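**Student:** Below is the file model.tsv, which contains TSV, C-alpha atoms.
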chain	number	residue	atom	x	y	z
A	1	MET	CA	22.72	126.71	103.23
A	2	THR	CA	24.89	125.92	100.25
A	3	VAL	CA	25.79	122.32	99.57
A	4	GLU	CA	27.50	120.63	96.68
A	5	ALA	CA	25.63	117.86	94.89
A	6	GLY	CA	28.32	115.40	96.02
A	7	HIS	CA	27.25	115.99	99.62
A	8	VAL	CA	23.68	114.85	98.96
A	9	GLU	CA	22.89	111.22	99.74
A	10	LEU	CA	19.86	109.77	97.97
A	11	ARG	CA	18.04	106.76	99.39
A	12	ALA	CA	14.61	105.20	99.58
A	13	ALA	CA	12.47	106.76	102.29
A	14	ARG	CA	12.20	104.83	105.54
A	15	ARG	CA	9.50	104.77	108.21
A	16	ALA	CA	11.82	106.93	110.37
A	17	ASP	CA	11.69	109.64	107.66
A	18	VAL	CA	7.91	110.08	107.73
A	19	ALA	CA	7.84	113.06	110.12
A	20	ALA	CA	10.56	114.89	108.20
A	21	VAL	CA	8.92	114.21	104.83
A	22	ALA	CA	5.50	115.31	106.12
A	23	GLY	CA	6.95	118.53	107.57
A	24	ILE	CA	8.89	119.43	104.43
A	25	TRP	CA	5.89	118.55	102.27
A	26	TYR	CA	3.47	120.68	104.30
A	27	LEU	CA	5.67	123.78	104.51
A	28	GLY	CA	6.77	123.51	100.87
A	29	TRP	CA	3.19	122.97	99.73
A	30	CYS	CA	2.13	126.09	101.62
A	31	ASP	CA	4.96	128.12	100.03
A	32	GLY	CA	3.98	127.15	96.49
A	33	HIS	CA	0.23	126.75	96.74
A	34	LEU	CA	-1.34	129.20	99.20
A	35	GLY	CA	-3.01	131.88	97.11
A	36	ASN	CA	-2.54	129.76	93.98
A	37	VAL	CA	-5.10	126.96	94.46
A	38	PRO	CA	-8.83	126.86	95.24
A	39	ASP	CA	-9.84	127.47	98.85
A	40	ALA	CA	-11.50	124.03	98.89
A	41	LEU	CA	-8.08	122.44	98.49
A	42	VAL	CA	-6.42	124.66	101.09
A	43	ALA	CA	-9.14	123.63	103.56
A	44	VAL	CA	-8.20	119.95	103.32
A	45	ARG	CA	-4.40	120.33	103.02
A	46	THR	CA	-3.77	120.73	106.73
A	47	ARG	CA	-0.54	119.83	108.49
A	48	GLU	CA	-2.33	116.68	109.70
A	49	SER	CA	-3.28	115.68	106.15
A	50	PHE	CA	0.38	115.61	105.14
A	51	ALA	CA	1.23	113.58	108.26
A	52	GLU	CA	-1.47	111.07	107.23
A	53	ARG	CA	-0.42	110.89	103.56
A	54	ALA	CA	3.37	110.69	103.99
A	55	PRO	CA	3.48	107.14	105.44
A	56	ARG	CA	1.22	105.86	102.66
A	57	ARG	CA	3.68	107.21	100.07
A	58	LEU	CA	6.92	105.68	101.40
A	59	ALA	CA	7.23	103.25	98.49
A	60	ASP	CA	7.13	106.17	96.01
A	61	THR	CA	9.52	108.40	97.94
A	62	THR	CA	13.25	109.04	97.62
A	63	VAL	CA	14.83	111.32	100.20
A	64	ALA	CA	17.87	113.56	99.93
A	65	VAL	CA	20.00	113.53	103.07
A	66	VAL	CA	22.47	116.32	103.83
A	67	GLY	CA	24.54	116.31	106.98
A	68	GLY	CA	22.52	113.45	108.42
A	69	GLU	CA	19.11	115.12	108.02
A	70	VAL	CA	16.39	114.76	105.41
A	71	ALA	CA	16.79	117.86	103.26
A	72	GLY	CA	14.12	117.07	100.68
A	73	PHE	CA	12.29	114.37	98.82
A	74	VAL	CA	10.76	113.37	95.51
A	75	MET	CA	7.78	111.11	94.81
A	76	VAL	CA	7.59	109.32	91.47
A	77	VAL	CA	4.76	107.16	90.15
A	78	ASP	CA	5.10	105.67	86.68
A	79	ASP	CA	5.97	108.57	84.33
A	80	GLU	CA	4.88	111.33	86.72
A	81	VAL	CA	7.12	113.27	89.05
A	82	GLU	CA	4.39	113.87	91.62
A	83	GLN	CA	6.19	115.80	94.34
A	84	VAL	CA	9.54	117.59	94.61
A	85	TYR	CA	10.16	119.46	97.86
A	86	VAL	CA	13.23	120.77	99.65
A	87	ALA	CA	13.35	122.04	103.23
A	88	GLU	CA	13.64	125.82	103.29
A	89	ARG	CA	17.10	125.82	104.89
A	90	HIS	CA	18.43	123.61	102.08
A	91	ARG	CA	16.97	125.57	99.16
A	92	GLY	CA	19.35	127.12	96.67
A	93	GLY	CA	22.13	124.64	97.30
A	94	GLY	CA	21.54	122.09	94.58
A	95	VAL	CA	19.39	119.58	96.51
A	96	ALA	CA	16.38	120.15	94.24
A	97	VAL	CA	18.48	119.54	91.12
A	98	VAL	CA	19.79	116.26	92.55
A	99	LEU	CA	16.24	115.18	93.43
A	100	LEU	CA	14.86	116.13	90.01
A	101	GLU	CA	17.66	114.25	88.23
A	102	GLU	CA	16.88	111.19	90.38
A	103	ALA	CA	13.20	111.49	89.51
A	104	GLU	CA	14.06	111.60	85.81
A	105	ARG	CA	16.30	108.55	86.25
A	106	LEU	CA	13.50	106.65	88.01
A	107	VAL	CA	10.97	107.50	85.29
A	108	ALA	CA	13.42	106.37	82.59
A	109	ALA	CA	14.27	103.20	84.53
A	110	GLY	CA	10.54	102.45	84.52
A	111	GLY	CA	10.70	102.33	80.72
A	112	HIS	CA	9.23	105.75	80.01
A	113	ARG	CA	10.76	108.08	77.43
A	114	GLN	CA	9.07	111.19	78.78
A	115	ALA	CA	8.36	112.43	82.30
A	116	TRP	CA	5.66	114.87	83.30
A	117	LEU	CA	4.64	116.90	86.31
A	118	ALA	CA	2.01	119.45	87.26
A	119	VAL	CA	2.67	122.97	88.57
A	120	VAL	CA	0.06	125.51	89.61
A	121	PRO	CA	0.29	128.65	87.45
A	122	GLY	CA	1.08	130.99	90.35
A	123	ASN	CA	4.07	128.96	91.58
A	124	ALA	CA	6.57	131.04	89.62
A	125	ARG	CA	9.62	129.79	91.55
A	126	ALA	CA	8.87	126.15	90.69
A	127	ARG	CA	8.05	126.96	87.08
A	128	ARG	CA	11.39	128.79	86.64
A	129	PHE	CA	13.23	125.88	88.28
A	130	TYR	CA	11.73	123.27	85.94
A	131	GLU	CA	12.33	125.42	82.87
A	132	ARG	CA	16.01	125.95	83.87
A	133	ASN	CA	16.31	122.18	84.11
A	134	GLY	CA	15.06	121.41	80.62
A	135	TRP	CA	11.34	120.94	81.26
A	136	THR	CA	8.81	122.40	78.80
A	137	ASP	CA	5.47	123.95	79.69
A	138	ARG	CA	2.87	122.21	77.55
A	139	GLY	CA	0.10	124.48	78.76
A	140	PRO	CA	-2.79	124.52	81.18
A	141	PHE	CA	-4.91	121.57	82.22
A	142	GLU	CA	-7.16	120.74	85.13
A	143	ARG	CA	-5.66	118.48	87.80
A	144	PHE	CA	-7.99	116.73	90.23
A	145	ALA	CA	-6.66	116.63	93.79
A	146	PRO	CA	-8.14	113.91	96.00
A	147	ARG	CA	-9.91	114.67	99.25
A	148	ASP	CA	-12.16	112.67	101.55
A	149	GLN	CA	-15.35	113.71	99.73
A	150	GLY	CA	-14.36	113.43	96.08
A	151	GLN	CA	-11.87	115.62	94.28
A	152	VAL	CA	-11.01	119.30	93.95
A	153	PRO	CA	-10.35	120.62	90.43
A	154	VAL	CA	-7.06	122.56	90.42
A	155	PRO	CA	-5.81	124.63	87.48
A	156	ALA	CA	-2.26	123.53	86.63
A	157	HIS	CA	0.35	123.54	83.90
A	158	ARG	CA	1.67	120.28	82.50
A	159	TYR	CA	5.47	120.25	82.22
A	160	VAL	CA	7.21	117.51	80.25
A	161	LYS	CA	10.75	116.41	79.62
A	162	ARG	CA	12.00	113.96	77.05
A	163	LEU	CA	14.36	111.47	78.67
A	164	ALA	CA	17.30	109.52	77.36
A	165	ASP	CA	16.51	106.10	75.99
A	166	ALA	CA	15.45	104.17	79.08
A	167	ARG	CA	16.97	100.93	77.76
A	168	GLY	CA	20.50	102.23	78.06
A	169	PRO	CA	23.46	102.20	75.68
A	170	GLY	CA	23.80	99.55	73.03
A	171	HIS	CA	20.09	99.38	72.22
A	172	ASP	CA	18.68	100.78	69.07
A	173	HIS	CA	15.07	101.65	68.35
A	174	PHE	CA	14.57	98.64	66.04
A	175	SER	CA	15.37	95.77	68.39
Go through the file and emit its structure as structure tokens.

**Tutor:**
Amino acid sequence: MTVEAGHVELRAARRADVAAVAGIWYLGWCDGHLGNVPDALVAVRTRESFAERAPRRLADTTVAVVGGEVAGFVMVVDDEVEQVYVAERHRGGGVAVVLLEEAERLVAAGGHRQAWLAVVPGNARARRFYERNGWTDRGPFERFAPRDQGQVPVPAHRYVKRLADARGPGHDHFS
């Protein structure tokens, strides 16, 4: 499905969006992570786990709505763009770019001059997307994914992007 950025509505996630967010998150996670993360993480990232986590993340979530349906979402916490996912039928139409730009805006509005995110090395599609959108691979690091019994170490790459001055026009660096 091709859509122009002007046809994407961004808004804060609502309780009514939880099922859509959880479904997009689960399927998108599977697309980018199966075969690219440790089996211990795959074992705990069930469809149910996303349904349990999505409602707890509403405050961090912005959804993209196209034609009245949730087409994707982004989760931002402080200077980290934690999650960016687009429903399969909406991929390739600009929704991800709109979501990523919103994430960058949110990070900058929080007073941060640089945003970061983690991508597993084998998720080539995501890595190409971030690089096309001005993000720089700063190399490998170990991410720790939470689970009920502790954490799972996950090899990842740290991507960063320098943002415009978060204070807006008319402010210099000496005030």

**Student:** Excluding A:Pro153 and residues on its chain fewer than 2 positions from it, collect all residues at most 7 Å away from it, counting all atoms listed in the file, and give them as a list in words.

**Tutor:**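 Non-adjacent residues within range: Glu142, Arg143, Phe144, Ala145, Gln151 and Pro155 of chain A.
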
**Student:** List the spatial neighbours of stretch 93-98 of chain A as JSON, numbers by chain - criterion: any atom at most 12 Å away, all atoms listed in the file, same-chain residues fewer than 2 positions off excluded.

**Tutor:** {"A": [1, 2, 3, 4, 5, 6, 7, 8, 9, 10, 11, 62, 63, 64, 65, 66, 70, 71, 72, 73, 74, 83, 84, 85, 86, 87, 88, 89, 90, 91, 100, 101, 102, 103, 104, 105, 126, 129, 130, 131, 132, 133, 134]}

**Student:** Using all atoms listed in the file, can you tell me which of A:Gly150, A:Gly111, A:Gly122, A:Gly23 comes closest to A:Phe50?

**Tutor:**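 When distances to A:Phe50 are compared using all atoms listed in the file, the smallest one comes from A:Gly23.
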
**Student:** Could you check how far atom CA of A:Pro146 sits from atom CA of A:Leu41, in Å to one decimal?

**Tutor:**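 For atom CA of A:Pro146 relative to atom CA of A:Leu41, the distance reads 8.9 Å.
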
**Student:** Between atom CA of A:Val44 and atom CA of A:Tyr26, what is the distance, to one decimal in Å?

**Tutor:**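 Atom CA of A:Tyr26 lies at a distance of 11.7 Å from atom CA of A:Val44.
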
**Student:** If I wrap all listed atoms of stretch 150-167 of chain A in a box with edges along x, y and z and add 5 Å on each side, what are its centre and edge lengths in Å to one decimal, as JSON?

**Tutor:**
{"center_x": 1.5, "center_y": 112.8, "center_z": 86.0, "size_x": 41.7, "size_y": 33.7, "size_z": 30.1}

**Student:** Do you have the atom CA of A:Glu48-atom CA of A:Trp25 distance handy?

**Tutor:**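 According to the coordinates, atom CA of A:Glu48 and atom CA of A:Trp25 are separated by 11.2 Å.
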
**Student:** Identify the residues around (-5.0, 120.1, 107.3) within a radius of 12 Å, measuring from only C-alpha atoms in the coordinates stated by the file, and give them as a PyMOL selection string.

**Tutor:** chain A and resi 22+26-27+29-30+40-53+147-148

**Student:** Which residue is closest to A:Arg15? Choose from A:Ala59, A:Leu106, A:Val154, A:Leu117 and count all atoms listed in the file.

**Tutor:**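 Nearest to A:Arg15: A:Ala59.
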
**Student:** Nearest residue to A:Val120 out of A:Val37, A:Met75, A:Val160, A:Ala108, using all atoms listed in the file?

**Tutor:**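 Of all the options, A:Val37 lies closest to A:Val120.
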
**Student:** Dump as a list in words all residues having an atom at most 10 Å from (-0.5, 132.9, 82.6), computed in the file's coordinates with all atoms listed in the file.

**Tutor:**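 Returned residue set, sorted by chain then number, is Pro121, Gly122, Gly139, Pro140 and His157 of chain A.
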
**Student:** Considering all atoms listed in the file, state which residue in the set A:His33, A:Arg57, A:Arg128, A:Arg158 is at the smallest distance from A:Phe141.

**Tutor:** A:Arg158

**Student:** Would you mind telling me which residue in A:Val77, A:Ala164, A:Ala156, A:Ile24 lies nearest to A:Ala124 when using only C-alpha atoms?

**Tutor:** A:Ala156
